[in-house]
Amino acid sequence: AVDAGLRAQLDAGSIFRFPFNYRADYSADPAFLVANEEGVFALITKEVEPIWCQLKTVAVESFGDDTDLDDELDFEMF
């Protein structure tokens, strides 16, 4: 059962955050209480810190004349 005042706020689009714990210990996970026409839902999450990777410089490919390329096969390497 959901309190009428809480249900009215959830129906208005409010989202409630609260600590949730599966077990009887001190490690609580963040949870969010949301609602739609189907019902009221608790979304339990794990907090993570995203790691973003970025290039410090943009790689540029040169398609000019590469005169230093040797197209002959060296059969001694086989």
# chains A, B, ... in the order shown; residues from 1 in each chain; ligands from 1

call {"tool": "select_by_dssp", "arguments": {"residues": "chain A", "states": "alpha helix (DSSP H)", "output": "ChimeraX atom specification"}}
result
/A:4-11

call {"tool": "residues_around", "arguments": {"residues": "Phe16 (chain A)", "least_positions_apart": "3", "cutoff": "8 Å", "atoms": "only C-alpha atoms", "output": "MDAnalysis selection string"}}
result
chainID A and resid 32:34

call {"tool": "closest_residue", "arguments": {"among": "A:Arg23, A:Glu61, A:Leu10, A:Cys53", "to": "Asn36 (chain A)", "atoms": "only C-alpha atoms"}}
result
A:Leu10

call {"tool": "closest_residue", "arguments": {"among": "A:Phe75, A:Ser62, A:Val40, A:Asp25", "to": "Gln9 (chain A)", "atoms": "only C-alpha atoms"}}
result
A:Val40
